[in-house]
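Novice: Here you go, this is query.txt (compact mmCIF, C-alpha atoms).
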# COMPACT_ATOMS: atom_id res chain seq x y z
CA MET A 25 17.59 -22.38 188.09
CA VAL A 26 19.57 -25.32 186.94
CA PRO A 27 17.44 -27.23 184.45
CA GLU A 28 18.74 -30.73 184.68
CA HIS A 29 21.72 -32.20 186.36
CA SER A 30 20.65 -35.59 187.54
CA ASP A 31 24.08 -37.03 186.92
CA ALA A 32 25.99 -34.05 188.19
CA SER A 33 28.80 -35.14 190.43
CA GLU A 34 26.79 -34.46 193.56
CA ALA A 35 27.93 -32.18 196.31
CA ASP A 36 29.89 -30.25 193.72
CA THR A 37 27.48 -28.70 191.28
CA ALA A 38 24.26 -29.72 192.95
CA ALA A 39 25.15 -28.51 196.42
CA LEU A 40 22.44 -26.29 197.78
CA ALA A 41 22.51 -24.15 200.90
CA LEU A 42 19.46 -22.53 202.41
CA LYS A 43 19.47 -19.65 204.81
CA ILE A 44 17.17 -19.02 207.74
CA LEU A 45 17.45 -15.92 209.89
CA VAL A 46 16.84 -15.84 213.61
CA ALA A 47 15.83 -12.36 214.71
CA GLY A 48 14.46 -10.75 217.84
CA GLY A 49 15.43 -8.42 220.62
CA PHE A 50 18.68 -8.44 222.52
CA GLY A 51 18.99 -11.37 224.91
CA VAL A 52 15.84 -13.14 223.77
CA GLY A 53 17.71 -16.37 223.03
CA LYS A 54 18.71 -16.19 219.37
CA THR A 55 22.10 -17.79 219.84
CA THR A 56 20.57 -20.31 222.22
CA LEU A 57 18.09 -21.39 219.57
CA VAL A 58 20.78 -21.60 216.90
CA GLY A 59 22.93 -23.67 219.25
CA ALA A 60 20.06 -25.99 220.19
CA VAL A 61 19.40 -27.13 216.64
CA SER A 62 22.81 -26.72 215.01
CA GLU A 63 24.96 -29.78 214.43
CA ILE A 64 28.04 -27.66 214.88
CA ARG A 65 28.90 -25.47 217.81
CA PRO A 66 27.58 -22.05 216.77
CA LEU A 67 30.27 -20.27 214.85
CA ARG A 68 30.92 -16.61 214.84
CA THR A 69 31.50 -14.54 211.78
CA GLU A 70 32.47 -10.91 211.71
CA GLU A 71 31.27 -8.28 209.28
CA LEU A 72 33.22 -5.07 208.90
CA LEU A 73 31.33 -1.96 209.73
CA SER A 74 33.24 0.15 207.27
CA GLU A 75 31.82 -1.88 204.40
CA ALA A 76 28.31 -0.61 204.51
CA GLY A 77 27.89 1.02 207.82
CA GLN A 78 29.79 4.25 207.61
CA SER A 79 26.67 6.29 207.31
CA VAL A 80 25.07 4.34 210.10
CA ASP A 81 27.90 3.84 212.49
CA ASP A 82 29.78 7.02 213.14
CA THR A 83 33.36 6.17 212.45
CA GLY A 84 34.21 9.79 211.81
CA GLY A 85 37.51 10.73 213.37
CA VAL A 86 38.75 7.19 213.17
CA SER A 87 39.25 7.48 209.41
CA GLN A 88 39.09 4.47 207.16
CA LYS A 89 42.18 2.99 208.68
CA VAL A 90 40.51 1.49 211.69
CA THR A 91 37.44 -0.64 211.43
CA THR A 92 35.17 -2.17 214.01
CA THR A 93 33.31 -5.37 213.43
CA VAL A 94 29.97 -6.78 214.36
CA ALA A 95 29.67 -10.46 215.12
CA MET A 96 26.98 -12.81 213.91
CA ASP A 97 26.46 -16.29 215.23
CA PHE A 98 25.47 -19.04 212.89
CA GLY A 99 24.85 -22.75 212.86
CA ARG A 100 24.34 -25.51 210.31
CA ILE A 101 22.03 -28.45 209.83
CA THR A 102 22.95 -30.93 207.13
CA ILE A 103 19.81 -32.40 205.63
CA ARG A 104 21.78 -34.66 203.34
CA SER A 105 25.01 -34.50 201.41
CA GLY A 106 24.66 -31.43 199.22
CA LEU A 107 21.73 -29.88 201.07
CA SER A 108 22.35 -27.79 204.17
CA LEU A 109 20.43 -25.31 206.22
CA TYR A 110 22.29 -22.36 207.70
CA LEU A 111 20.88 -20.43 210.61
CA PHE A 112 22.02 -16.88 211.22
CA GLY A 113 21.36 -15.00 214.41
CA THR A 114 20.86 -11.40 213.33
CA PRO A 115 22.65 -8.68 215.24
CA GLY A 116 20.24 -7.37 217.83
CA GLN A 117 21.09 -3.70 217.84
CA ASP A 118 19.10 -1.45 215.56
CA ARG A 119 22.18 0.23 214.20
CA PHE A 120 23.14 -2.95 212.42
CA TRP A 121 20.01 -2.99 210.29
CA PHE A 122 22.04 -2.60 207.13
CA LEU A 123 23.43 -6.07 207.70
CA TRP A 124 19.95 -7.52 207.61
CA ASP A 125 19.51 -6.50 203.99
CA GLU A 126 22.39 -8.69 202.99
CA LEU A 127 21.43 -11.50 205.33
CA SER A 128 17.87 -11.62 204.08
CA GLN A 129 18.90 -11.79 200.42
CA GLY A 130 17.76 -15.16 199.20
CA ALA A 131 16.72 -16.27 202.69
CA LEU A 132 14.16 -19.02 202.89
CA GLY A 133 12.54 -17.28 205.84
CA ALA A 134 12.99 -16.04 209.36
CA VAL A 135 12.21 -16.91 212.94
CA VAL A 136 11.33 -13.92 215.10
CA LEU A 137 11.98 -14.84 218.71
CA ALA A 138 9.74 -13.07 221.17
CA ASP A 139 9.69 -12.72 224.93
CA THR A 140 6.22 -11.86 226.23
CA ARG A 141 7.71 -9.83 229.06
CA ARG A 142 9.04 -7.37 226.48
CA LEU A 143 7.14 -8.11 223.35
CA GLU A 144 7.93 -4.69 221.90
CA ASP A 145 11.53 -5.76 221.38
CA CYS A 146 10.52 -7.85 218.39
CA PHE A 147 8.38 -5.17 216.69
CA PRO A 148 11.21 -3.99 214.44
CA ALA A 149 11.93 -7.52 213.23
CA VAL A 150 8.25 -8.19 212.53
CA ASP A 151 8.01 -4.93 210.60
CA TYR A 152 11.14 -5.66 208.66
CA PHE A 153 10.06 -9.07 207.41
CA GLU A 154 6.46 -8.03 206.76
CA HIS A 155 7.54 -5.13 204.57
CA ARG A 156 9.89 -7.27 202.55
CA HIS A 157 7.45 -10.15 202.24
CA ILE A 158 9.91 -12.56 203.79
CA PRO A 159 8.06 -15.51 205.32
CA PHE A 160 8.50 -15.62 209.08
CA VAL A 161 7.11 -17.31 212.14
CA VAL A 162 7.00 -15.78 215.59
CA ALA A 163 8.46 -18.14 218.16
CA VAL A 164 7.58 -17.19 221.72
CA ASN A 165 10.43 -18.25 223.92
CA CYS A 166 8.72 -19.43 227.08
CA PHE A 167 11.17 -18.43 229.74
CA ALA A 168 10.69 -20.21 233.01
CA GLY A 169 8.56 -18.07 235.25
CA ALA A 170 7.28 -15.93 232.41
CA ARG A 171 3.53 -15.65 232.42
CA THR A 172 2.32 -17.78 229.57
CA TYR A 173 0.19 -16.23 226.91
CA GLY A 174 -1.55 -18.12 224.19
CA ALA A 175 -0.32 -17.95 220.62
CA HIS A 176 -3.47 -16.04 219.76
CA ASP A 177 -2.79 -13.32 222.33
CA VAL A 178 0.69 -12.82 220.94
CA SER A 179 -0.59 -12.75 217.37
CA ARG A 180 -3.07 -10.02 218.30
CA ALA A 181 -0.61 -8.05 220.36
CA LEU A 182 1.83 -8.02 217.45
CA ASP A 183 -0.95 -7.30 214.97
CA LEU A 184 0.37 -10.01 212.70
CA ASP A 185 -0.94 -10.60 209.21
CA GLN A 186 -3.45 -13.38 209.15
CA GLY A 187 -1.75 -16.71 208.67
CA THR A 188 1.59 -15.78 210.19
CA PRO A 189 2.30 -18.71 212.51
CA VAL A 190 2.97 -18.16 216.21
CA VAL A 191 4.71 -21.03 217.96
CA LEU A 192 5.39 -21.39 221.66
CA CYS A 193 8.86 -22.78 222.16
CA ASP A 194 11.76 -23.35 224.47
CA ALA A 195 14.84 -22.03 222.68
CA ARG A 196 17.10 -24.32 224.73
CA ASP A 197 15.29 -27.45 223.62
CA ARG A 198 16.35 -29.15 220.41
CA ALA A 199 12.99 -30.77 219.67
CA SER A 200 11.22 -27.49 220.28
CA GLY A 201 13.64 -25.63 218.02
CA LYS A 202 13.19 -28.24 215.29
CA GLU A 203 9.43 -27.76 215.48
CA VAL A 204 9.84 -24.01 215.00
CA LEU A 205 11.96 -24.57 211.90
CA ILE A 206 9.53 -27.11 210.47
CA ARG A 207 6.65 -24.67 210.91
CA LEU A 208 8.70 -22.00 209.16
CA VAL A 209 9.63 -24.16 206.17
CA GLU A 210 6.01 -25.31 205.80
CA TYR A 211 4.82 -21.73 205.96
CA ALA A 212 7.47 -20.54 203.49
CA GLY A 213 6.31 -23.24 201.09
CA ARG A 214 2.68 -22.13 201.44
CA MET A 215 3.59 -18.47 200.90
CA HIS A 216 5.58 -19.39 197.84
CA THR A 217 2.77 -21.44 196.33
CA ALA A 218 0.27 -18.67 197.01
CA ARG A 219 2.50 -16.18 195.25
CA LEU A 220 2.90 -18.44 192.25
CA LEU A 221 -0.86 -18.84 192.02
CA ASN A 222 -1.34 -15.09 192.26
CA SER A 223 1.11 -14.48 189.48
CA VAL A 224 -0.70 -16.76 187.06
CA GLY A 225 -4.18 -15.78 188.22
CA MET B 1 40.16 -11.20 220.68
CA THR B 2 43.28 -9.28 219.78
CA GLU B 3 43.06 -8.50 216.15
CA ASP B 4 46.14 -6.35 216.09
CA THR B 5 48.56 -9.13 215.41
CA ASN B 6 49.74 -8.19 211.95
CA GLY B 7 52.86 -6.63 213.30
CA ALA B 8 51.80 -3.33 211.86
CA PRO B 9 52.81 -0.45 214.09
CA ARG B 10 49.95 1.37 215.71
CA GLU B 11 48.84 4.44 213.86
CA PRO B 12 49.82 7.52 215.83
CA GLY B 13 46.74 9.11 217.30
CA SER B 14 44.76 5.91 217.45
CA GLN B 15 45.83 4.97 220.94
CA TRP B 16 42.83 6.70 222.48
CA TYR B 17 40.76 3.91 221.02
CA ASP B 18 40.90 1.58 223.99
CA GLY B 19 39.86 -2.00 224.56
CA GLU B 20 36.34 -1.07 225.57
CA ALA B 21 35.70 0.36 222.16
CA GLY B 22 35.50 -3.16 220.79
CA PRO B 23 37.79 -5.13 218.54
CA LEU B 24 39.97 -3.11 216.26
CA VAL B 25 41.28 -4.50 213.05
CA ARG B 26 43.30 -3.37 210.14
CA PRO B 27 41.64 -6.01 208.11
CA TYR B 28 42.50 -5.17 204.55
CA ALA B 29 46.23 -5.38 205.11
CA MET B 30 45.89 -9.02 204.10
CA THR B 31 44.30 -8.07 200.82
CA GLY B 32 46.79 -5.41 199.82
CA GLY B 33 44.27 -2.72 200.61
CA ARG B 34 41.60 -4.07 198.31
CA THR B 35 38.14 -4.02 199.80
CA ARG B 36 36.28 -5.62 196.93
CA PRO B 37 36.81 -8.91 195.17
CA GLY B 38 38.58 -8.77 191.81
CA PRO B 39 37.44 -7.14 188.57
CA SER B 40 34.44 -9.44 188.30
CA GLY B 41 32.95 -7.58 191.26
CA VAL B 42 31.10 -10.63 192.48
CA ARG B 43 29.72 -10.39 195.98
CA PHE B 44 29.77 -13.75 197.65
CA ASP B 45 26.76 -14.50 199.78
CA LEU B 46 27.42 -15.77 203.30
CA ILE B 47 26.08 -19.15 202.28
CA ALA B 48 27.73 -19.29 198.87
CA LEU B 49 29.47 -22.66 198.81
CA VAL B 50 33.15 -22.81 198.05
CA THR B 51 34.65 -25.96 196.57
CA LEU B 52 38.26 -26.62 195.64
CA ALA B 53 38.63 -26.78 191.89
CA THR B 54 39.44 -30.35 190.96
CA THR B 55 41.67 -29.19 188.14
CA ALA B 56 43.91 -27.13 190.37
CA SER B 57 47.12 -29.06 190.53
CA GLY B 58 49.05 -29.28 193.76
CA THR B 59 50.79 -26.20 195.04
CA GLY B 60 52.57 -25.13 191.88
CA ASP B 61 51.57 -21.50 191.77
CA ASP B 62 51.37 -20.97 195.48
CA THR B 63 53.91 -18.18 195.32
CA THR B 64 51.12 -15.86 194.29
CA LEU B 65 49.14 -16.82 197.34
CA GLY B 66 49.41 -15.38 200.80
CA PRO B 67 49.13 -17.41 203.99
CA GLU B 68 45.47 -16.42 204.33
CA HIS B 69 44.73 -17.68 200.82
CA ARG B 70 46.35 -20.95 201.73
CA SER B 71 44.44 -21.31 204.96
CA LEU B 72 41.19 -20.86 203.03
CA ILE B 73 42.27 -23.58 200.61
CA ASP B 74 43.15 -25.85 203.51
CA LEU B 75 39.75 -25.29 205.06
CA CYS B 76 38.04 -26.28 201.80
CA ARG B 77 40.11 -29.41 201.41
CA PRO B 78 38.05 -31.82 203.54
CA GLU B 79 34.67 -30.59 202.33
CA THR B 80 32.77 -27.80 200.64
CA GLN B 81 32.49 -24.77 202.92
CA SER B 82 30.19 -21.80 203.04
CA VAL B 83 31.69 -18.32 203.03
CA ALA B 84 30.49 -17.87 206.62
CA GLU B 85 32.20 -21.07 207.74
CA LEU B 86 35.42 -20.04 206.01
CA ALA B 87 35.37 -16.68 207.78
CA ALA B 88 34.83 -18.35 211.14
CA GLY B 89 37.37 -21.09 210.42
CA ALA B 90 40.10 -18.70 209.29
CA ASP B 91 39.16 -16.16 211.99
CA LEU B 92 38.92 -13.42 209.39
CA PRO B 93 36.20 -10.84 208.80
CA VAL B 94 33.80 -11.80 206.04
CA GLY B 95 34.77 -8.80 203.92
CA VAL B 96 38.38 -9.93 203.87
CA VAL B 97 37.43 -13.50 203.05
CA ARG B 98 35.38 -12.24 200.10
CA VAL B 99 38.38 -10.46 198.62
CA LEU B 100 40.64 -13.48 199.12
CA LEU B 101 38.04 -15.77 197.57
CA GLY B 102 37.83 -13.44 194.58
CA ASP B 103 41.56 -14.00 194.07
CA LEU B 104 41.22 -17.77 194.38
CA LEU B 105 38.30 -17.75 191.97
CA GLU B 106 40.28 -15.81 189.40
CA LEU B 107 43.21 -18.16 189.79
CA GLY B 108 40.87 -21.06 189.18
CA ARG B 109 41.62 -22.61 192.55
CA VAL B 110 38.03 -22.70 193.75
CA THR B 111 34.52 -22.73 192.40
CA VAL B 112 31.79 -20.79 194.14
CA SER B 113 28.09 -21.57 193.97
CA ARG B 114 25.77 -18.90 192.65
CA PRO B 115 23.79 -17.03 195.27
CA VAL B 116 20.11 -17.82 195.43
CA PRO B 117 18.28 -15.20 193.40
CA PRO B 118 16.12 -13.02 195.64
CA ALA B 119 12.46 -13.92 195.90
CA GLN B 120 13.08 -17.34 194.52
CA LEU B 121 12.56 -20.37 196.64
CA PRO B 122 13.80 -23.86 196.02
CA ASP B 123 11.16 -26.13 194.58
CA GLU B 124 8.62 -27.99 196.62
CA ARG B 125 10.55 -31.23 196.50
CA ILE B 126 13.50 -29.60 198.26
CA LEU B 127 11.27 -28.04 200.90
CA ARG B 128 9.67 -31.42 201.60
CA GLU B 129 13.11 -32.90 201.88
CA VAL B 130 14.11 -30.21 204.37
CA ILE B 131 11.01 -30.82 206.49
CA ALA B 132 11.57 -34.58 206.47
CA GLY B 133 15.21 -34.05 207.31
CA LEU B 134 14.36 -31.78 210.24
CA ARG B 135 11.87 -34.30 211.59
CA ALA B 136 14.49 -37.02 211.38
CA LEU B 137 17.11 -35.06 213.33
Turn this file's structure into structure tokens for me.

Specialist:
Amino acid sequence: MVPEHSDASEADTAALALKILVAGGFGVGKTTLVGAVSEIRPLRTEELLSEAGQSVDDTGGVSQKVTTTVAMDFGRITIRSGLSLYLFGTPGQDRFWFLWDELSQGALGAVVLADTRRLEDCFPAVDYFEHRHIPFVVAVNCFAGARTYGAHDVSRALDLDQGTPVVLCDARDRASGKEVLIRLVEYAGRMHTARLLNSVG
Amino acid sequence: MTEDTNGAPREPGSQWYDGEAGPLVRPYAMTGGRTRPGPSGVRFDLIALVTLATTASGTGDDTTLGPEHRSLIDLCRPETQSVAELAAGADLPVGVVRVLLGDLLELGRVTVSRPVPPAQLPDERILREVIAGLRAL
């Protein structure tokens, strides 16, 4: 925590970046959602598998000389000069779980995108964030033609903790994506306050 | 993307690793084989913000810098950049960018914001600001 820096030459010392993760099964629309709300074309960053993944990803026989990478898409929303929100689409495949640990460090929260036609695809993400007490909302991407379920049905099917928001959304739609993020930030704030109260009570 | 553009000859015996196996890189050639940033051992978060040090004068000591170092500096010139943006902008893997940033940090060419401590959220005022900002988009 920086105690006081009201006169700090803004953007330099006072610059703050917040991180939100977008998780969910393969092909559920993570990059689409990031692209819909990002002010920049989603960028792609590559993480080297040899860094942390050797035990996970079998690179035996390739030796340390050759390394494969896994790509992550991300976008940015500038709230104001010196305050930005970064959205990271998490790699879908289970074998890249180790990357999530780094991504979720210091994250404000997460959006778990769900498709009701294959709801089970988002179970691992729900588990992950619940176990680590990372605030998350479930955003049901309402694909055209997909039978629509109510938020309550999804909440029950996923056996979510009480209070975890479920939002119906269209990942392609900017306004809809914004709403998902707003719900997440509100929820993260509530979780944070509740934790503070617990710690003093 | 063809990552094998460093001019390094292919390692004998690696030819079996064909295009379908995904991108192949020899990424740490640019860092002199180092896979971790400098002695300080700092690990830059993906959203750590990198700003050019205002005190760094011109290009005086650029002989110690490689082309990749310089491209990172160039990317930071217009505005503060996150580590993730630098990696995307320079088309380098994040691990490599971390090592290069460690060099630049030690040389005093850049400043890097501290990562957010785990389990610590920004204060309520910031969260309200974020919500208002999102609504206004």

Novice: Which residue, A:Lys54, A:Arg142, A:Arg180, A:Lys43, has the smallest gap to chain B when you use only C-alpha atoms?

Specialist: A:Lys43

Novice: Given the choices A:Ile64, A:Leu208, A:Ala175, A:Ala41, which gets closest to chain B if the distance is worked out from all atoms listed in the file?

Specialist: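 So, comparing all the options, the nearest one is A:Ala41.
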
Novice: Record the distance separating atom CA of A:Asp197 and atom CA of A:Phe160, expressed in Å with one decimal.

Specialist: 19.9 Å

Novice: Under the rule that all atoms listed in the file are counted, which of B:Thr64, B:Pro78, B:Pro93, B:Leu100 is the nearest residue to chain A?

Specialist: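 Result for the nearest residue to chain A: B:Pro93.
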
Novice: Which value, in Å to one decimal, gives the distance between atom CA of B:Asp103 and atom CA of B:Thr31?

Specialist: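 Result for atom CA of B:Asp103 versus atom CA of B:Thr31: 9.4 Å, one decimal.
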
Novice: My list of candidates is A:Gly174, A:Pro189, A:Gly133, A:Gly51. Which is closest to chain B when distances are computed with all atoms listed in the file?

Specialist: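 Counting all atoms listed in the file, the residue closest to chain B is A:Gly133.
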
Novice: Pick out the residues sitting within 12 Å of A:Gly49, and hand them over as a PDB file with C-alpha atoms, in the coordinates of the input; count only C-alpha atoms, and ignore anything fewer than 6 positions along from it in its own chain.

Specialist:
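Here's the written file result26.pdb:
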ATOM      1  CA  THR A  55      22.100 -17.790 219.840  1.00  0.00           C
ATOM      2  CA  GLY A 113      21.360 -15.000 214.410  1.00  0.00           C
ATOM      3  CA  THR A 114      20.860 -11.400 213.330  1.00  0.00           C
ATOM      4  CA  PRO A 115      22.650  -8.680 215.240  1.00  0.00           C
ATOM      5  CA  GLY A 116      20.240  -7.370 217.830  1.00  0.00           C
ATOM      6  CA  GLN A 117      21.090  -3.700 217.840  1.00  0.00           C
ATOM      7  CA  ASP A 118      19.100  -1.450 215.560  1.00  0.00           C
ATOM      8  CA  VAL A 135      12.210 -16.910 212.940  1.00  0.00           C
ATOM      9  CA  VAL A 136      11.330 -13.920 215.100  1.00  0.00           C
ATOM     10  CA  LEU A 137      11.980 -14.840 218.710  1.00  0.00           C
ATOM     11  CA  ALA A 138       9.740 -13.070 221.170  1.00  0.00           C
ATOM     12  CA  ASP A 139       9.690 -12.720 224.930  1.00  0.00           C
ATOM     13  CA  THR A 140       6.220 -11.860 226.230  1.00  0.00           C
ATOM     14  CA  ARG A 141       7.710  -9.830 229.060  1.00  0.00           C
ATOM     15  CA  ARG A 142       9.040  -7.370 226.480  1.00  0.00           C
ATOM     16  CA  LEU A 143       7.140  -8.110 223.350  1.00  0.00           C
ATOM     17  CA  GLU A 144       7.930  -4.690 221.900  1.00  0.00           C
ATOM     18  CA  ASP A 145      11.530  -5.760 221.380  1.00  0.00           C
ATOM     19  CA  CYS A 146      10.520  -7.850 218.390  1.00  0.00           C
ATOM     20  CA  PHE A 147       8.380  -5.170 216.690  1.00  0.00           C
ATOM     21  CA  PRO A 148      11.210  -3.990 214.440  1.00  0.00           C
ATOM     22  CA  ALA A 149      11.930  -7.520 213.230  1.00  0.00           C
ATOM     23  CA  VAL A 150       8.250  -8.190 212.530  1.00  0.00           C
ATOM     24  CA  VAL A 164       7.580 -17.190 221.720  1.00  0.00           C
ATOM     25  CA  ASN A 165      10.430 -18.250 223.920  1.00  0.00           C
TER      26      ASN A 165
END

Novice: Kindly give the distance, in Å, that separates atom CA of B:Val130 and atom CA of A:Gly99, rounded to a single decimal.

Specialist: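 Between atom CA of B:Val130 and atom CA of A:Gly99 the gap works out to 15.6 Å.
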
Novice: Under the rule that only C-alpha atoms are counted, which of B:Thr63, B:Thr35, B:Ser71, B:Thr51 is the nearest residue to A:Ala39?

Specialist: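 The closest residue to A:Ala39 is B:Thr51.
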
Novice: Assuming the input is short of atoms at stretch 108-133 of chain A, produce N, CA and C atoms for that part as a compact mmCIF listing (two decimals), in the frame of the given file.

Specialist:
# COMPACT_ATOMS: atom_id res chain seq x y z
N SER A 108 22.17 -28.24 202.79
CA SER A 108 22.35 -27.79 204.17
C SER A 108 21.51 -26.57 204.46
N LEU A 109 21.20 -26.44 205.72
CA LEU A 109 20.43 -25.31 206.22
C LEU A 109 21.37 -24.51 207.10
N TYR A 110 21.47 -23.22 206.84
CA TYR A 110 22.29 -22.36 207.70
C TYR A 110 21.39 -21.42 208.47
N LEU A 111 21.66 -21.32 209.75
CA LEU A 111 20.88 -20.43 210.61
C LEU A 111 21.75 -19.26 211.03
N PHE A 112 21.26 -18.06 210.82
CA PHE A 112 22.02 -16.88 211.22
C PHE A 112 21.27 -16.09 212.27
N GLY A 113 21.90 -15.89 213.39
CA GLY A 113 21.36 -15.00 214.41
C GLY A 113 21.65 -13.57 213.97
N THR A 114 20.63 -12.76 213.81
CA THR A 114 20.86 -11.40 213.33
C THR A 114 21.33 -10.53 214.48
N PRO A 115 22.19 -9.58 214.18
CA PRO A 115 22.65 -8.68 215.24
C PRO A 115 21.47 -7.95 215.84
N GLY A 116 21.41 -7.92 217.16
CA GLY A 116 20.24 -7.37 217.83
C GLY A 116 20.09 -5.86 217.72
N GLN A 117 21.19 -5.15 217.75
CA GLN A 117 21.09 -3.70 217.84
C GLN A 117 20.56 -3.09 216.54
N ASP A 118 19.72 -2.09 216.71
CA ASP A 118 19.10 -1.45 215.56
C ASP A 118 20.11 -0.87 214.58
N ARG A 119 21.25 -0.46 215.11
CA ARG A 119 22.18 0.23 214.20
C ARG A 119 22.84 -0.73 213.22
N PHE A 120 22.57 -2.00 213.37
CA PHE A 120 23.14 -2.95 212.42
C PHE A 120 22.12 -3.41 211.39
N TRP A 121 21.06 -2.63 211.24
CA TRP A 121 20.01 -2.99 210.29
C TRP A 121 20.55 -3.24 208.90
N PHE A 122 21.54 -2.48 208.50
CA PHE A 122 22.04 -2.60 207.13
C PHE A 122 22.54 -4.01 206.84
N LEU A 123 22.96 -4.70 207.89
CA LEU A 123 23.43 -6.07 207.70
C LEU A 123 22.29 -7.02 207.35
N TRP A 124 21.10 -6.65 207.85
CA TRP A 124 19.95 -7.52 207.61
C TRP A 124 19.64 -7.61 206.12
N ASP A 125 19.85 -6.51 205.41
CA ASP A 125 19.51 -6.50 203.99
C ASP A 125 20.31 -7.56 203.27
N GLU A 126 21.57 -7.68 203.64
CA GLU A 126 22.39 -8.69 202.99
C GLU A 126 21.99 -10.08 203.46
N LEU A 127 21.79 -10.19 204.77
CA LEU A 127 21.43 -11.50 205.33
C LEU A 127 20.14 -12.03 204.73
N SER A 128 19.18 -11.14 204.51
CA SER A 128 17.87 -11.62 204.08
C SER A 128 17.81 -11.89 202.58
N GLN A 129 18.84 -11.48 201.85
CA GLN A 129 18.90 -11.79 200.42
C GLN A 129 18.86 -13.29 200.20
N GLY A 130 17.83 -13.74 199.52
CA GLY A 130 17.76 -15.16 199.20
C GLY A 130 17.45 -16.05 200.39
N ALA A 131 17.04 -15.44 201.52
CA ALA A 131 16.72 -16.27 202.69
C ALA A 131 15.41 -17.01 202.47
N LEU A 132 15.38 -18.22 202.98
CA LEU A 132 14.16 -19.02 202.89
C LEU A 132 13.08 -18.39 203.79
N GLY A 133 13.49 -17.89 204.92
CA GLY A 133 12.54 -17.28 205.84
C GLY A 133 13.23 -16.91 207.14
